[in-house]
Amino acid sequence: MTKTSDTGTHERCPGFSRFLGSANRLTGSAERLKAAHQRWLSLVIGAILASNVAGQAPVLNGQRMDGYKGIWFTLGQFYGKGSDGQPYAKASREPVFPYGDKYSGGLGTYTAKHTPLAIYCPQVEKTFFVYGGTTGPNDRHLLCMVSYYDHASDRVPKPVVVHDKQTVNDPHDNPSIAVDDAGYLWIFVSGRGRVRPGFKYKSNKPYSIDGFELISEEEMTYPQPHHVAGEGFLHLFTKYTGVRELYWETSDDGVTWTADQKLAGIRQPGDSRGGHYQTSATRDGLTGTFFNRHPNGVVDQRTDLYYVQTPDRGQTWTTVDGTPVQPPLEDVASPARVIDYASQKLNVYLKDMGFDREGHPVLLYVTSPGHEPGPPNDPRHFRVTRWDGEAWKTSIVCGTDHNYDMGSLYLDERTWTCRVPSQPGPQPYQGGGELVTWTSMDQGATWRRETQITSDSDRNHNYARRPIAAKDPFFVFWADGDPTKLSESHLYFADSTGERVWELPYEMEGEFATPVRVEASIDE
């Protein structure tokens with residue numbers, strides 16, 4: 001792609017967790033007084049965070065950075081060729097090729113379990129978005145960033161650090177975003193297991209990134225906040241209680257939250273542990289979530305597909321046909337199960353979900369025979385599973401070459417579209433590739449390749465994300481990066497046609513800049 005210009009471990013001050021403990025889980029009207037106390041604590045904590053911490057570099061919370069630099073990451077679970085008839089050698093912590101890492105690369109818009117990452121607000125004609133950034137091209141210092149694209153002026157400001165993760169380099173700690181009825185931005189910064197906490201922040205002013213107030217510190221991973229108009233928040237997330245189990249909480253105002261309630265902790269008979277990953281969406285007050293299961297907590301064996309929904313922010317839960325279910329779900333053969341993929345010996349990697357014109361749920365995901373990267377675990381397929389009002393229907397969109405190839409699903413009145421990195425990129429059989437548009441005119445029954453969005457790239461593109469209420473030209477956004485070695489990671493967005501791509505400015509001198517148009521040379 002060539003440009004043509006149109007113009008690890010979270011360390012905190014000793015006692016922070018203890019200091020925050022009384023302000024984390026506020027429940028009931030009797031404790032609303034504590035909310036005011038919590039706000040006062042957040043101001044004190046913010047002042048402390050803004051100073052040097054035990055000799056560390058200054059915390060960057062609230063600062064504007066001089067460009068859009070995505071975080072690069074490697075999991076460090078590498079696979080090489082096996083011997084004695086085995087397709088894979090034993091996993092290595094050191095780089096091994098040709099198959100490489102389980103996942104790695106430019107992961108500023110990671111994970112699929114962080115959602116949403118962008119929201120278009122027509123009141124101000126801006127798309128607000130969050131991502132995992134860093135301090136420099138060779139740095140692995142995670143910054144939880146927020147910014148916006150101004151549709152009226154075709155400009156972006158310098159992005160703002162909402163939360164500096166300091167010594168953490170892991171984009172599992174990336175943020176998600178919500179916008180309330182008054183226009184306040186809410187940033188949900190993920191933690192990681194029980195080692196690093198998550199954080200909730202609220203913007204100081206509506207539709208503004210100029211400053212944020214720390215609301216809480218708590219255990220939450222993979223935040224999926226949903227703001228239901230006129231009602232309040234429903235937050236779906238993960239806690240590492242055995243191993244990765246699904247929870248929800250609600251709030252009318254974003255400050256006072258209910259106690260965490262477990263949604264799912266499915267275990268096979270005899271298993272002591274379980275686990276799930278999920279992706280969720282809300283339409284007209286109905287929130288649905290698809291999730292897989294991890295047999296005995298083994299994430300590399302993730303399989304099966306389940307779906308539940310709630311019309312009232314978690315007061316009641318049902319299957320897709322309205323059959324009531326009582327959380328937490330614990331049985332493998334729950335009525336919420338959509339597909340038994342375990343019997344097919346297939347892994348399930350969730351990507352994105354939405355609702356069609358009838359309000360029926362639809363899921364985009366990848367299936368694979370195993371967790372290791374490389375050709376021995378072909379074929380891998382992007383699939384769509386949809387409810388047609390009477391039964392679940394599944395179709396194959398296209399093949400792909402990596403389990404962690406991630407894109408998004410768009411469900412218009414007549415046309416369904418997947419924007420996914422299904423074309424092998426400059427680093428084939430590694431995470432990501434070249435982005436391609438696939439369309440369906442028959443409610444997902446059949447698919448055809450429409451447009452190649454990127455080509456001739458230096459680095460793989462991955463984690464193409466759909467803004468809520470997406471509006472051209474900021475219709476999909478993503479990051480690039482070389483999965484095989486530490487590299488720069490740039491951020492991009494494209495319009496709905498896929499024929500126009502822009503790069504967010506990697507370096508900025510002024511307070512605002514116009515994104516740079518990228519021209520792709522495509523050999524169809």
# chains A, B, ... in the order shown; residues from 1 in each chain; ligands from 1

$ residues_around --residues "A:Arg302" --least-positions-apart "4" --cutoff "6 Å" --atoms "only C-alpha atoms" --output "PyMOL selection string"
chain A and resi 293-294+347-348

$ select_by_dssp --residues "stretch 258-296 of chain A" --states "strand (DSSP E)" --output "list in words"
Gln261, Lys262, Leu263, Ala264, Gly274, Gly275, Gln278, Thr279, Ser280, Ala281, Thr282, Arg283, Leu286, Thr287, Gly288, Thr289, Phe290, Phe291, Asn292 and Arg293 of chain A

$ atom_distance --atom1 "atom CA of A:Gln430" --atom2 "atom CA of A:Gly407"
15.0 Å

$ closest_residue --among "A:Met508, A:Ala182, A:Ile266, A:Leu435" --to "A:Pro328" --atoms "only C-alpha atoms"
A:Ile266

$ residues_around --residues "stretch 476-493 of chain A" --least-positions-apart "4" --cutoff "7 Å" --atoms "only C-alpha atoms" --output "list in words"
Tyr68, Lys69, Gly70, Ile71, Trp72, Ser104, Gly105, Gly106, Leu107, Gly108, Thr109, Pro137, Asn138, Gln430, Gly431, Arg459, Asn460, His461, Asn462, Tyr463, Ala464, Arg465, Arg466, Pro467, Val501, Trp502, Glu503, Leu504 and Tyr506 of chain A

$ residues_around --residues "stretch 152-159 of chain A" --least-positions-apart "4" --cutoff "6 Å" --atoms "only C-alpha atoms" --output "ChimeraX atom specification"
/A:64-65,146-147,511-514

$ write_last_selection --atoms "all heavy atoms" --output "PDB file, in the first residue's frame"
ATOM      1  N   ARG A  64      -2.003  14.130  25.758  1.00  0.00           N
ATOM      2  CA  ARG A  64      -2.214  13.916  24.329  1.00  0.00           C
ATOM      3  C   ARG A  64      -0.912  13.432  23.711  1.00  0.00           C
ATOM      4  O   ARG A  64       0.150  13.985  23.985  1.00  0.00           O
ATOM      5  CB  ARG A  64      -2.690  15.197  23.640  1.00  0.00           C
ATOM      6  CG  ARG A  64      -4.106  15.578  24.044  1.00  0.00           C
ATOM      7  CD  ARG A  64      -4.599  16.786  23.274  1.00  0.00           C
ATOM      8  NE  ARG A  64      -5.963  17.126  23.664  1.00  0.00           N
ATOM      9  CZ  ARG A  64      -7.054  16.675  23.058  1.00  0.00           C
ATOM     10  NH1 ARG A  64      -6.941  15.865  22.018  1.00  0.00           N
ATOM     11  NH2 ARG A  64      -8.255  17.036  23.473  1.00  0.00           N
ATOM     12  N   MET A  65      -1.003  12.399  22.891  1.00  0.00           N
ATOM     13  CA  MET A  65       0.166  11.835  22.248  1.00  0.00           C
ATOM     14  C   MET A  65       0.335  12.429  20.853  1.00  0.00           C
ATOM     15  O   MET A  65      -0.616  12.937  20.261  1.00  0.00           O
ATOM     16  CB  MET A  65       0.055  10.313  22.177  1.00  0.00           C
ATOM     17  CG  MET A  65      -0.161   9.647  23.540  1.00  0.00           C
ATOM     18  SD  MET A  65       1.135  10.039  24.749  1.00  0.00           S
ATOM     19  CE  MET A  65       2.502   9.069  24.089  1.00  0.00           C
ATOM     20  N   VAL A 146      -8.043   7.099  23.567  1.00  0.00           N
ATOM     21  CA  VAL A 146      -9.341   7.493  23.031  1.00  0.00           C
ATOM     22  C   VAL A 146      -9.136   8.644  22.066  1.00  0.00           C
ATOM     23  O   VAL A 146      -8.237   9.474  22.240  1.00  0.00           O
ATOM     24  CB  VAL A 146     -10.329   7.893  24.147  1.00  0.00           C
ATOM     25  CG1 VAL A 146      -9.876   9.163  24.870  1.00  0.00           C
ATOM     26  CG2 VAL A 146     -11.738   8.073  23.596  1.00  0.00           C
ATOM     27  N   SER A 147      -9.955   8.696  21.021  1.00  0.00           N
ATOM     28  CA  SER A 147      -9.934   9.813  20.092  1.00  0.00           C
ATOM     29  C   SER A 147     -11.264   9.845  19.341  1.00  0.00           C
ATOM     30  O   SER A 147     -12.212   9.142  19.711  1.00  0.00           O
ATOM     31  CB  SER A 147      -8.759   9.711  19.120  1.00  0.00           C
ATOM     32  OG  SER A 147      -8.616  10.932  18.395  1.00  0.00           O
ATOM     33  N   GLU A 511      -2.225  20.136  16.622  1.00  0.00           N
ATOM     34  CA  GLU A 511      -3.245  19.531  17.483  1.00  0.00           C
ATOM     35  C   GLU A 511      -4.242  18.704  16.684  1.00  0.00           C
ATOM     36  O   GLU A 511      -4.883  17.808  17.226  1.00  0.00           O
ATOM     37  CB  GLU A 511      -3.985  20.621  18.270  1.00  0.00           C
ATOM     38  CG  GLU A 511      -3.115  21.330  19.303  1.00  0.00           C
ATOM     39  CD  GLU A 511      -2.552  20.356  20.326  1.00  0.00           C
ATOM     40  OE1 GLU A 511      -3.332  19.546  20.881  1.00  0.00           O
ATOM     41  OE2 GLU A 511      -1.327  20.399  20.567  1.00  0.00           O
ATOM     42  N   PHE A 512      -4.379  19.005  15.380  1.00  0.00           N
ATOM     43  CA  PHE A 512      -5.299  18.274  14.510  1.00  0.00           C
ATOM     44  C   PHE A 512      -4.576  17.911  13.225  1.00  0.00           C
ATOM     45  O   PHE A 512      -3.602  18.554  12.835  1.00  0.00           O
ATOM     46  CB  PHE A 512      -6.542  19.110  14.185  1.00  0.00           C
ATOM     47  CG  PHE A 512      -7.421  19.402  15.370  1.00  0.00           C
ATOM     48  CD1 PHE A 512      -7.190  20.515  16.157  1.00  0.00           C
ATOM     49  CD2 PHE A 512      -8.470  18.554  15.705  1.00  0.00           C
ATOM     50  CE1 PHE A 512      -7.989  20.790  17.257  1.00  0.00           C
ATOM     51  CE2 PHE A 512      -9.276  18.814  16.801  1.00  0.00           C
ATOM     52  CZ  PHE A 512      -9.036  19.934  17.579  1.00  0.00           C
ATOM     53  N   ALA A 513      -5.064  16.856  12.571  1.00  0.00           N
ATOM     54  CA  ALA A 513      -4.488  16.449  11.294  1.00  0.00           C
ATOM     55  C   ALA A 513      -5.566  15.785  10.451  1.00  0.00           C
ATOM     56  O   ALA A 513      -6.563  15.256  10.969  1.00  0.00           O
ATOM     57  CB  ALA A 513      -3.314  15.488  11.503  1.00  0.00           C
ATOM     58  N   THR A 514      -5.359  15.820   9.139  1.00  0.00           N
ATOM     59  CA  THR A 514      -6.249  15.142   8.208  1.00  0.00           C
ATOM     60  C   THR A 514      -5.684  13.766   7.899  1.00  0.00           C
ATOM     61  O   THR A 514      -4.507  13.646   7.540  1.00  0.00           O
ATOM     62  CB  THR A 514      -6.376  15.942   6.904  1.00  0.00           C
ATOM     63  OG1 THR A 514      -6.918  17.237   7.205  1.00  0.00           O
ATOM     64  CG2 THR A 514      -7.277  15.229   5.912  1.00  0.00           C
TER      65      THR A 514
END

$ residues_around --residues "A:Gly100" --least-positions-apart "4" --cutoff "10 Å" --atoms "only C-alpha atoms" --output "MDAnalysis selection string"
chainID A and resid 76:81 91:92 94:96 104 372:374 429:431 483:484

$ write_last_selection --atoms "C-alpha atoms" --output "PDB file, in the first residue's frame"
ATOM      1  CA  GLY A  76       5.105 -16.249  23.075  1.00  0.00           C
ATOM      2  CA  GLN A  77       3.495 -19.619  22.299  1.00  0.00           C
ATOM      3  CA  PHE A  78       5.433 -20.695  19.180  1.00  0.00           C
ATOM      4  CA  TYR A  79       5.096 -23.854  17.116  1.00  0.00           C
ATOM      5  CA  GLY A  80       7.469 -25.510  14.685  1.00  0.00           C
ATOM      6  CA  LYS A  81       7.253 -28.641  12.584  1.00  0.00           C
ATOM      7  CA  ALA A  91       5.138 -25.269  22.109  1.00  0.00           C
ATOM      8  CA  SER A  92       8.159 -23.038  22.654  1.00  0.00           C
ATOM      9  CA  GLU A  94      11.295 -18.806  21.979  1.00  0.00           C
ATOM     10  CA  PRO A  95      10.449 -17.850  18.372  1.00  0.00           C
ATOM     11  CA  VAL A  96      10.043 -20.950  16.212  1.00  0.00           C
ATOM     12  CA  SER A 104       0.937 -11.811  17.559  1.00  0.00           C
ATOM     13  CA  GLU A 372      -1.847 -24.324  16.655  1.00  0.00           C
ATOM     14  CA  PRO A 373      -1.054 -21.985  13.721  1.00  0.00           C
ATOM     15  CA  GLY A 374       0.017 -23.189  10.302  1.00  0.00           C
ATOM     16  CA  TYR A 429      -0.275 -18.186   8.038  1.00  0.00           C
ATOM     17  CA  GLN A 430       0.320 -15.576  10.736  1.00  0.00           C
ATOM     18  CA  GLY A 431      -2.387 -13.472  12.393  1.00  0.00           C
ATOM     19  CA  PRO A 483       3.391 -10.957  13.460  1.00  0.00           C
ATOM     20  CA  THR A 484       6.882 -12.429  13.007  1.00  0.00           C
TER      21      THR A 484
END

$ residues_around --residues "A:His381" --least-positions-apart "2" --cutoff "6 Å" --atoms "only C-alpha atoms" --output "VMD selection string"
chain A and resid 366 to 367 383 398 to 400

$ closest_residue --among "A:His402, A:Ala469, A:Asp340, A:Gln443" --to "A:Asp388" --atoms "only C-alpha atoms"
A:Gln443

$ residues_around --residues "A:Lys113" --least-positions-apart "2" --cutoff "6 Å" --atoms "only C-alpha atoms" --output "list in words"
Thr111, Tyr222 and Thr279 of chain A

$ write_last_selection --atoms "C-alpha atoms" --output "mmCIF file, in the first residue's frame"
data_model
loop_
_atom_site.group_PDB
_atom_site.id
_atom_site.type_symbol
_atom_site.label_atom_id
_atom_site.label_comp_id
_atom_site.auth_asym_id
_atom_site.auth_seq_id
_atom_site.Cartn_x
_atom_site.Cartn_y
_atom_site.Cartn_z
ATOM 1 C CA THR A 111 -9.559 -8.539 21.269
ATOM 2 C CA TYR A 222 -12.997 -8.412 28.236
ATOM 3 C CA THR A 279 -19.322 -11.481 21.929
#

$ atom_distance --atom1 "atom CA of A:Val124" --atom2 "atom CA of A:Asp210"
15.2 Å

$ closest_residue --among "A:Tyr103, A:Trp257, A:Tyr365, A:Trp248" --to "A:Thr303" --atoms "only C-alpha atoms"
A:Tyr365

$ closest_residue --among "A:Gln452, A:Asn377, A:Ser496, A:Asn292" --to "A:Leu363" --atoms "only C-alpha atoms"
A:Asn292

$ select_by_dssp --residues "stretch 258-347 of chain A" --states "helix (DSSP H, G or I)" --output "ChimeraX atom specification"
/A:295-297,299-301

$ closest_residue --among "A:Val436, A:Ala264, A:Ala470, A:Met220" --to "A:Glu125" --atoms "only C-alpha atoms"
A:Ala470
